[in-house]
>>> print(open('query35.pdb').read())   # PDB, C-alpha atoms, pLDDT in the B column
MODEL        1
ATOM      1  CA  MET A   1      23.032  27.334   7.750  1.00 66.00           C
ATOM      2  CA  ASP A   2      24.372  24.448   5.697  1.00 91.00           C
ATOM      3  CA  ILE A   3      21.743  21.833   4.903  1.00 95.00           C
ATOM      4  CA  VAL A   4      22.986  18.311   4.237  1.00 97.00           C
ATOM      5  CA  ILE A   5      20.729  15.793   2.481  1.00 98.00           C
ATOM      6  CA  ARG A   6      21.557  12.158   3.155  1.00 98.00           C
ATOM      7  CA  PRO A   7      19.887   8.800   3.807  1.00 98.00           C
ATOM      8  CA  ALA A   8      18.115   8.804   7.153  1.00 98.00           C
ATOM      9  CA  ALA A   9      19.771   6.737   9.873  1.00 97.00           C
ATOM     10  CA  PRO A  10      17.635   4.374  11.991  1.00 98.00           C
ATOM     11  CA  ALA A  11      18.355   6.532  15.055  1.00 97.00           C
ATOM     12  CA  GLU A  12      16.613   9.430  13.242  1.00 97.00           C
ATOM     13  CA  TYR A  13      13.469   7.539  12.234  1.00 98.00           C
ATOM     14  CA  ALA A  14      11.368   8.517  15.257  1.00 97.00           C
ATOM     15  CA  ALA A  15      12.244  12.219  15.009  1.00 97.00           C
ATOM     16  CA  LEU A  16      11.709  12.257  11.248  1.00 98.00           C
ATOM     17  CA  GLY A  17       8.391  10.443  11.605  1.00 97.00           C
ATOM     18  CA  GLU A  18       7.219  13.024  14.119  1.00 97.00           C
ATOM     19  CA  ILE A  19       8.363  15.921  11.906  1.00 98.00           C
ATOM     20  CA  THR A  20       6.385  14.412   9.029  1.00 97.00           C
ATOM     21  CA  ALA A  21       3.285  13.768  11.133  1.00 97.00           C
ATOM     22  CA  GLN A  22       3.332  17.249  12.679  1.00 97.00           C
ATOM     23  CA  ALA A  23       3.847  18.919   9.293  1.00 96.00           C
ATOM     24  CA  TYR A  24       0.781  17.169   7.865  1.00 94.00           C
ATOM     25  CA  LEU A  25      -1.282  17.833  11.000  1.00 95.00           C
ATOM     26  CA  GLY A  26      -0.172  21.455  11.312  1.00 93.00           C
ATOM     27  CA  ASP A  27      -0.960  22.165   7.676  1.00 92.00           C
ATOM     28  CA  GLY A  28      -4.417  20.598   7.982  1.00 88.00           C
ATOM     29  CA  LEU A  29      -3.626  17.916   5.404  1.00 87.00           C
ATOM     30  CA  LEU A  30      -5.257  15.038   7.278  1.00 86.00           C
ATOM     31  CA  ASP A  31      -9.027  14.946   6.950  1.00 77.00           C
ATOM     32  CA  PHE A  32      -9.465  13.187  10.283  1.00 76.00           C
ATOM     33  CA  GLY A  33      -6.751  15.002  12.238  1.00 83.00           C
ATOM     34  CA  GLU A  34      -5.172  12.994  15.053  1.00 91.00           C
ATOM     35  CA  SER A  35      -7.469  10.050  14.299  1.00 88.00           C
ATOM     36  CA  ASP A  36      -6.495   9.850  10.616  1.00 86.00           C
ATOM     37  CA  ALA A  37      -5.169   6.379   9.747  1.00 86.00           C
ATOM     38  CA  TYR A  38      -2.550   7.928   7.453  1.00 90.00           C
ATOM     39  CA  LEU A  39      -0.858   9.452  10.497  1.00 93.00           C
ATOM     40  CA  ASP A  40       0.561   6.013  11.394  1.00 94.00           C
ATOM     41  CA  GLU A  41       2.029   5.720   7.876  1.00 94.00           C
ATOM     42  CA  LEU A  42       3.636   9.142   8.172  1.00 96.00           C
ATOM     43  CA  ARG A  43       5.258   8.216  11.471  1.00 97.00           C
ATOM     44  CA  ASP A  44       6.488   4.775  10.318  1.00 98.00           C
ATOM     45  CA  VAL A  45       9.810   5.781   8.772  1.00 98.00           C
ATOM     46  CA  ALA A  46      11.289   2.304   9.353  1.00 98.00           C
ATOM     47  CA  LYS A  47       8.582   0.762   7.150  1.00 97.00           C
ATOM     48  CA  ARG A  48       9.266   3.294   4.385  1.00 96.00           C
ATOM     49  CA  ALA A  49      13.031   2.815   4.661  1.00 97.00           C
ATOM     50  CA  ALA A  50      12.604  -0.946   4.205  1.00 97.00           C
ATOM     51  CA  ALA A  51      10.818  -0.411   0.867  1.00 96.00           C
ATOM     52  CA  ALA A  52      12.310   2.841  -0.480  1.00 97.00           C
ATOM     53  CA  GLU A  53      14.987   5.426   0.268  1.00 97.00           C
ATOM     54  CA  VAL A  54      14.195   7.883   3.037  1.00 98.00           C
ATOM     55  CA  LEU A  55      16.255  11.051   2.857  1.00 98.00           C
ATOM     56  CA  VAL A  56      16.710  13.479   5.726  1.00 98.00           C
ATOM     57  CA  ALA A  57      17.711  17.143   5.638  1.00 98.00           C
ATOM     58  CA  VAL A  58      20.064  17.949   8.506  1.00 97.00           C
ATOM     59  CA  ALA A  59      21.604  21.185   9.784  1.00 95.00           C
ATOM     60  CA  ASP A  60      23.662  21.495  12.956  1.00 93.00           C
ATOM     61  CA  ASP A  61      23.048  17.768  13.641  1.00 90.00           C
ATOM     62  CA  ARG A  62      19.293  18.384  13.760  1.00 94.00           C
ATOM     63  CA  PRO A  63      16.796  16.842  11.319  1.00 97.00           C
ATOM     64  CA  LEU A  64      14.817  19.554   9.515  1.00 97.00           C
ATOM     65  CA  GLY A  65      12.680  17.404   7.253  1.00 98.00           C
ATOM     66  CA  GLY A  66      12.591  14.414   4.998  1.00 98.00           C
ATOM     67  CA  VAL A  67      11.240  12.748   1.912  1.00 98.00           C
ATOM     68  CA  THR A  68      10.706   9.234   0.616  1.00 98.00           C
ATOM     69  CA  PHE A  69      12.265   8.488  -2.770  1.00 98.00           C
ATOM     70  CA  VAL A  70      10.742   5.498  -4.516  1.00 97.00           C
ATOM     71  CA  PRO A  71      12.972   4.256  -7.321  1.00 93.00           C
ATOM     72  CA  SER A  72      11.463   2.889 -10.498  1.00 81.00           C
ATOM     73  CA  GLY A  73       9.160   0.001  -9.730  1.00 73.00           C
ATOM     74  CA  GLY A  74       9.358   0.374  -5.957  1.00 77.00           C
ATOM     75  CA  PRO A  75       6.595  -1.064  -3.755  1.00 88.00           C
ATOM     76  CA  MET A  76       5.866   2.315  -2.141  1.00 93.00           C
ATOM     77  CA  ALA A  77       4.848   3.866  -5.465  1.00 95.00           C
ATOM     78  CA  ASP A  78       1.324   5.263  -5.684  1.00 94.00           C
ATOM     79  CA  ILE A  79       1.291   6.543  -9.269  1.00 96.00           C
ATOM     80  CA  ALA A  80       4.666   5.710 -10.830  1.00 96.00           C
ATOM     81  CA  ARG A  81       4.595   3.688 -14.007  1.00 95.00           C
ATOM     82  CA  PRO A  82       7.448   1.492 -15.241  1.00 95.00           C
ATOM     83  CA  GLY A  83      10.514   3.680 -15.759  1.00 95.00           C
ATOM     84  CA  GLU A  84       9.346   6.359 -13.329  1.00 97.00           C
ATOM     85  CA  ALA A  85      10.554   7.199  -9.822  1.00 97.00           C
ATOM     86  CA  GLU A  86       8.242   8.774  -7.259  1.00 97.00           C
ATOM     87  CA  ILE A  87       8.533  11.331  -4.475  1.00 98.00           C
ATOM     88  CA  ARG A  88       6.397  10.720  -1.380  1.00 97.00           C
ATOM     89  CA  MET A  89       5.818  12.260   2.031  1.00 97.00           C
ATOM     90  CA  LEU A  90       7.895  15.426   1.652  1.00 97.00           C
ATOM     91  CA  ALA A  91       7.792  17.310   4.954  1.00 97.00           C
ATOM     92  CA  VAL A  92       9.761  20.093   6.622  1.00 97.00           C
ATOM     93  CA  ASP A  93       9.590  21.045  10.290  1.00 97.00           C
ATOM     94  CA  HIS A  94       7.561  24.255  10.673  1.00 94.00           C
ATOM     95  CA  ALA A  95      10.467  25.970  12.441  1.00 92.00           C
ATOM     96  CA  ALA A  96      12.809  25.173   9.528  1.00 92.00           C
ATOM     97  CA  ARG A  97      10.638  26.365   6.670  1.00 94.00           C
ATOM     98  CA  GLY A  98      11.637  29.146   4.301  1.00 92.00           C
ATOM     99  CA  ARG A  99      15.308  28.127   4.211  1.00 94.00           C
ATOM    100  CA  GLY A 100      15.336  25.981   1.081  1.00 95.00           C
ATOM    101  CA  THR A 101      15.016  22.652   2.881  1.00 97.00           C
ATOM    102  CA  GLY A 102      12.060  21.395   0.846  1.00 97.00           C
ATOM    103  CA  GLU A 103      13.695  22.363  -2.432  1.00 97.00           C
ATOM    104  CA  ALA A 104      16.963  20.677  -1.410  1.00 97.00           C
ATOM    105  CA  LEU A 105      15.064  17.460  -0.660  1.00 98.00           C
ATOM    106  CA  VAL A 106      13.274  17.535  -4.021  1.00 98.00           C
ATOM    107  CA  ARG A 107      16.546  18.245  -5.854  1.00 98.00           C
ATOM    108  CA  ALA A 108      18.134  15.238  -4.119  1.00 98.00           C
ATOM    109  CA  CYS A 109      15.277  13.050  -5.359  1.00 98.00           C
ATOM    110  CA  VAL A 110      15.693  14.359  -8.903  1.00 98.00           C
ATOM    111  CA  GLU A 111      19.417  13.582  -8.760  1.00 98.00           C
ATOM    112  CA  ARG A 112      18.682  10.051  -7.570  1.00 97.00           C
ATOM    113  CA  ALA A 113      16.111   9.544 -10.316  1.00 97.00           C
ATOM    114  CA  ARG A 114      18.617  10.694 -12.941  1.00 97.00           C
ATOM    115  CA  ALA A 115      21.137   8.201 -11.531  1.00 96.00           C
ATOM    116  CA  THR A 116      18.616   5.330 -11.666  1.00 95.00           C
ATOM    117  CA  ALA A 117      19.136   3.165 -14.743  1.00 94.00           C
ATOM    118  CA  GLY A 118      16.124   3.218 -17.051  1.00 95.00           C
ATOM    119  CA  CYS A 119      14.364   6.001 -15.157  1.00 96.00           C
ATOM    120  CA  THR A 120      12.835   8.492 -17.595  1.00 97.00           C
ATOM    121  CA  ALA A 121      10.680  10.598 -15.256  1.00 97.00           C
ATOM    122  CA  ILE A 122       9.927  11.393 -11.643  1.00 98.00           C
ATOM    123  CA  VAL A 123       6.336  11.837 -10.455  1.00 98.00           C
ATOM    124  CA  LEU A 124       4.544  12.910  -7.307  1.00 98.00           C
ATOM    125  CA  SER A 125       1.134  13.537  -5.802  1.00 97.00           C
ATOM    126  CA  THR A 126       0.264  16.632  -3.797  1.00 96.00           C
ATOM    127  CA  GLN A 127      -2.764  18.164  -2.160  1.00 92.00           C
ATOM    128  CA  ARG A 128      -4.485  21.210  -3.637  1.00 91.00           C
ATOM    129  CA  THR A 129      -3.588  23.380  -0.643  1.00 90.00           C
ATOM    130  CA  MET A 130       0.180  22.707  -0.745  1.00 92.00           C
ATOM    131  CA  HIS A 131       0.902  25.914  -2.665  1.00 91.00           C
ATOM    132  CA  THR A 132       4.470  26.341  -1.428  1.00 91.00           C
ATOM    133  CA  ALA A 133       5.323  22.805  -2.551  1.00 94.00           C
ATOM    134  CA  HIS A 134       3.674  23.444  -5.938  1.00 96.00           C
ATOM    135  CA  ARG A 135       5.926  26.472  -6.443  1.00 96.00           C
ATOM    136  CA  ILE A 136       9.014  24.369  -5.661  1.00 96.00           C
ATOM    137  CA  TYR A 137       7.977  21.662  -8.123  1.00 97.00           C
ATOM    138  CA  GLU A 138       7.224  24.147 -10.886  1.00 97.00           C
ATOM    139  CA  ARG A 139      10.455  26.063 -10.284  1.00 97.00           C
ATOM    140  CA  LEU A 140      12.356  22.777 -10.724  1.00 98.00           C
ATOM    141  CA  GLY A 141      10.611  21.996 -14.013  1.00 98.00           C
ATOM    142  CA  PHE A 142       7.825  19.669 -12.912  1.00 98.00           C
ATOM    143  CA  VAL A 143       4.591  20.031 -14.888  1.00 98.00           C
ATOM    144  CA  ARG A 144       1.032  19.264 -13.844  1.00 98.00           C
ATOM    145  CA  THR A 145      -0.417  16.019 -15.156  1.00 98.00           C
ATOM    146  CA  PRO A 146      -4.128  16.398 -14.429  1.00 97.00           C
ATOM    147  CA  GLU A 147      -4.943  13.219 -16.330  1.00 97.00           C
ATOM    148  CA  ARG A 148      -3.178  11.335 -13.518  1.00 97.00           C
ATOM    149  CA  ASP A 149      -4.913  13.087 -10.592  1.00 95.00           C
ATOM    150  CA  TRP A 150      -6.425  10.522  -8.250  1.00 92.00           C
ATOM    151  CA  ASN A 151      -8.290   9.884  -5.031  1.00 89.00           C
ATOM    152  CA  PRO A 152      -6.503   7.768  -2.400  1.00 86.00           C
ATOM    153  CA  VAL A 153      -9.745   7.309  -0.431  1.00 77.00           C
ATOM    154  CA  PRO A 154     -12.402   6.598  -3.085  1.00 74.00           C
ATOM    155  CA  GLU A 155     -15.215   6.459  -0.514  1.00 73.00           C
ATOM    156  CA  LEU A 156     -14.619  10.170   0.141  1.00 69.00           C
ATOM    157  CA  ASP A 157     -15.493  12.261  -2.904  1.00 68.00           C
ATOM    158  CA  ASP A 158     -13.700  15.433  -1.841  1.00 74.00           C
ATOM    159  CA  ILE A 159     -10.119  14.095  -1.809  1.00 79.00           C
ATOM    160  CA  THR A 160      -8.283  14.506  -5.086  1.00 90.00           C
ATOM    161  CA  LEU A 161      -4.523  14.540  -5.223  1.00 93.00           C
ATOM    162  CA  LEU A 162      -2.879  16.620  -7.923  1.00 95.00           C
ATOM    163  CA  THR A 163       0.003  15.073  -9.818  1.00 97.00           C
ATOM    164  CA  TYR A 164       3.218  16.440 -11.261  1.00 98.00           C
ATOM    165  CA  GLU A 165       5.887  14.945 -13.502  1.00 98.00           C
ATOM    166  CA  LEU A 166       9.436  15.859 -14.427  1.00 98.00           C
ATOM    167  CA  THR A 167      10.764  14.228 -17.570  1.00 98.00           C
ATOM    168  CA  LEU A 168      14.445  13.403 -17.146  1.00 97.00           C
TER     169      LEU A 168
ENDMDL
END
>>> encode(input="query35.pdb", output="structure tokens")
Amino acid sequence: MDIVIRPAAPAEYAALGEITAQAYLGDGLLDFGESDAYLDELRDVAKRAAAAEVLVAVADDRPLGGVTFVPSGGPMADIARPGEAEIRMLAVDHAARGRGTGEALVRACVERARATAGCTAIVLSTQRTMHTAHRIYERLGFVRTPERDWNPVPELDDITLLTYELTL
């Protein structure tokens, strides 16, 4: 199976949003399940595409997953500092996992960061339980940056996102 990574087309936004939402729900990554407010953000690919670059992984004309690449200084950045790009909302359809799709999406983001003038690093946040994703990041040279770990919902004490960085 040949996987192609390219910018998502508007006609793919709904399918990609649902893949992202179902990946997060299926992996138990949303504290409030179907009622989690973040679910709307995961589904709103058009909003992300207006502020960043949304990439889709496609095989046999079928979307397998996607990722949001936030170039240096982009409004969708959660943790990026000046000169850093950020990876957000990486998700792969459950049926397409184990084929290198997630790694191909991360590699595409790294390539884009390297091609971004003035970009010296690429950063990301991840949940503690995303062990497969952690292995991909580490295999590609990302290192943990625990001093940047953070809580996106400060009123809930038990949510801490781990952070990784790849110096370019």
>>> atom_distance(input="query35.pdb", atom1="atom CA of A:Glu84", atom2="atom CA of A:Gly141")
15.7 Å
>>> closest_residue(input="query35.pdb", among="A:Asp61, A:Glu53, A:Asp40, A:Asp31", to="A:Val4", atoms="all atoms listed in the file")
A:Asp61
>>> atom_distance(input="query35.pdb", atom1="atom CA of A:Thr68", atom2="atom CA of A:Glu86")
8.3 Å
>>> axis_aligned_box(input="query35.pdb", around="stretch 33-39 of chain A", padding_each_side="8 Å", output="lines of an AutoDock Vina configuration file")
center_x = -4.2
center_y = 10.7
center_z = 11.3
size_x = 22.6
size_y = 24.6
size_z = 23.6
>>> resolve_selection(input="query35.pdb", expression="the PyMOL selection byres ((chain A and resi 93-110) around 9)", output="PyMOL selection string")
chain A and resi 1+3-6+19-20+22-23+26+55-58+63-70+85-87+90-92+111-115+121-122+133+136-137+140+166+168
>>> atom_distance(input="query35.pdb", atom1="atom CA of A:Thr167", atom2="atom CA of A:Ala52")
20.6 Å
>>> closest_residue(input="query35.pdb", among="A:Val153, A:Ala77, A:Val45, A:Leu162", to="A:Leu16", atoms="only C-alpha atoms")
A:Val45
>>> resolve_selection(input="query35.pdb", expression="the PyMOL selection byres ((chain A and resi 164) around 6)", output="PDB file with C-alpha atoms, keeping the file's coordinate frame")
ATOM      1  CA  VAL A 123       6.336  11.837 -10.455  1.00 98.00           C
ATOM      2  CA  LEU A 124       4.544  12.910  -7.307  1.00 98.00           C
ATOM      3  CA  PHE A 142       7.825  19.669 -12.912  1.00 98.00           C
ATOM      4  CA  VAL A 143       4.591  20.031 -14.888  1.00 98.00           C
ATOM      5  CA  ARG A 144       1.032  19.264 -13.844  1.00 98.00           C
ATOM      6  CA  THR A 145      -0.417  16.019 -15.156  1.00 98.00           C
ATOM      7  CA  THR A 163       0.003  15.073  -9.818  1.00 97.00           C
ATOM      8  CA  GLU A 165       5.887  14.945 -13.502  1.00 98.00           C
TER       9      GLU A 165
END
>>> resolve_selection(input="query35.pdb", expression="the PyMOL selection byres ((chain A and resi 151) around 12)", output="list in words")
Asp78, Ile79, Ser125, Thr126, Gln127, Arg148, Asp149, Trp150, Pro152, Val153, Pro154, Glu155, Leu156, Asp157, Asp158, Ile159, Thr160, Leu161, Leu162 and Thr163 of chain A
>>> closest_residue(input="query35.pdb", among="A:Ala46, A:His131, A:Glu41, A:Arg62", to="A:Arg88", atoms="all atoms listed in the file")
A:Glu41
>>> build_atoms(input="query35.pdb", residues="stretch 134-148 of chain A", atoms="N, CA, C and O atoms", output="PDB file, keeping the file's coordinate frame")
ATOM      1  N   HIS A 134       3.933  23.316  -4.495  1.00 96.00           N
ATOM      2  CA  HIS A 134       3.674  23.444  -5.938  1.00 96.00           C
ATOM      3  C   HIS A 134       4.676  24.398  -6.583  1.00 96.00           C
ATOM      4  O   HIS A 134       5.180  24.137  -7.677  1.00 96.00           O
ATOM      5  N   ARG A 135       4.962  25.507  -5.901  1.00 96.00           N
ATOM      6  CA  ARG A 135       5.926  26.472  -6.443  1.00 96.00           C
ATOM      7  C   ARG A 135       7.321  25.851  -6.570  1.00 96.00           C
ATOM      8  O   ARG A 135       8.027  26.090  -7.545  1.00 96.00           O
ATOM      9  N   ILE A 136       7.710  25.052  -5.582  1.00 96.00           N
ATOM     10  CA  ILE A 136       9.014  24.369  -5.661  1.00 96.00           C
ATOM     11  C   ILE A 136       9.029  23.447  -6.871  1.00 96.00           C
ATOM     12  O   ILE A 136       9.970  23.479  -7.675  1.00 96.00           O
ATOM     13  N   TYR A 137       8.010  22.625  -7.011  1.00 97.00           N
ATOM     14  CA  TYR A 137       7.977  21.662  -8.123  1.00 97.00           C
ATOM     15  C   TYR A 137       8.049  22.386  -9.464  1.00 97.00           C
ATOM     16  O   TYR A 137       8.819  22.009 -10.345  1.00 97.00           O
ATOM     17  N   GLU A 138       7.257  23.423  -9.606  1.00 97.00           N
ATOM     18  CA  GLU A 138       7.224  24.147 -10.886  1.00 97.00           C
ATOM     19  C   GLU A 138       8.542  24.857 -11.159  1.00 97.00           C
ATOM     20  O   GLU A 138       9.023  24.874 -12.292  1.00 97.00           O
ATOM     21  N   ARG A 139       9.158  25.403 -10.124  1.00 97.00           N
ATOM     22  CA  ARG A 139      10.455  26.063 -10.284  1.00 97.00           C
ATOM     23  C   ARG A 139      11.521  25.069 -10.756  1.00 97.00           C
ATOM     24  O   ARG A 139      12.429  25.423 -11.506  1.00 97.00           O
ATOM     25  N   LEU A 140      11.394  23.806 -10.356  1.00 98.00           N
ATOM     26  CA  LEU A 140      12.356  22.777 -10.724  1.00 98.00           C
ATOM     27  C   LEU A 140      12.008  22.081 -12.041  1.00 98.00           C
ATOM     28  O   LEU A 140      12.710  21.156 -12.444  1.00 98.00           O
ATOM     29  N   GLY A 141      10.937  22.529 -12.695  1.00 98.00           N
ATOM     30  CA  GLY A 141      10.611  21.996 -14.013  1.00 98.00           C
ATOM     31  C   GLY A 141       9.525  20.941 -14.047  1.00 98.00           C
ATOM     32  O   GLY A 141       9.206  20.408 -15.120  1.00 98.00           O
ATOM     33  N   PHE A 142       8.942  20.612 -12.920  1.00 98.00           N
ATOM     34  CA  PHE A 142       7.825  19.669 -12.912  1.00 98.00           C
ATOM     35  C   PHE A 142       6.617  20.331 -13.584  1.00 98.00           C
ATOM     36  O   PHE A 142       6.428  21.541 -13.484  1.00 98.00           O
ATOM     37  N   VAL A 143       5.814  19.532 -14.257  1.00 98.00           N
ATOM     38  CA  VAL A 143       4.591  20.031 -14.888  1.00 98.00           C
ATOM     39  C   VAL A 143       3.400  19.233 -14.361  1.00 98.00           C
ATOM     40  O   VAL A 143       3.522  18.044 -14.042  1.00 98.00           O
ATOM     41  N   ARG A 144       2.275  19.910 -14.285  1.00 98.00           N
ATOM     42  CA  ARG A 144       1.032  19.264 -13.844  1.00 98.00           C
ATOM     43  C   ARG A 144       0.616  18.206 -14.848  1.00 98.00           C
ATOM     44  O   ARG A 144       0.733  18.380 -16.053  1.00 98.00           O
ATOM     45  N   THR A 145       0.119  17.107 -14.330  1.00 98.00           N
ATOM     46  CA  THR A 145      -0.417  16.019 -15.156  1.00 98.00           C
ATOM     47  C   THR A 145      -1.829  15.695 -14.666  1.00 98.00           C
ATOM     48  O   THR A 145      -2.050  14.684 -14.011  1.00 98.00           O
ATOM     49  N   PRO A 146      -2.780  16.569 -14.971  1.00 97.00           N
ATOM     50  CA  PRO A 146      -4.128  16.398 -14.429  1.00 97.00           C
ATOM     51  C   PRO A 146      -4.794  15.077 -14.825  1.00 97.00           C
ATOM     52  O   PRO A 146      -5.662  14.591 -14.096  1.00 97.00           O
ATOM     53  N   GLU A 147      -4.360  14.502 -15.926  1.00 97.00           N
ATOM     54  CA  GLU A 147      -4.943  13.219 -16.330  1.00 97.00           C
ATOM     55  C   GLU A 147      -4.571  12.095 -15.364  1.00 97.00           C
ATOM     56  O   GLU A 147      -5.194  11.021 -15.370  1.00 97.00           O
ATOM     57  N   ARG A 148      -3.596  12.342 -14.496  1.00 97.00           N
ATOM     58  CA  ARG A 148      -3.178  11.335 -13.518  1.00 97.00           C
ATOM     59  C   ARG A 148      -3.668  11.642 -12.105  1.00 97.00           C
ATOM     60  O   ARG A 148      -3.377  10.884 -11.171  1.00 97.00           O
TER      61      ARG A 148
END
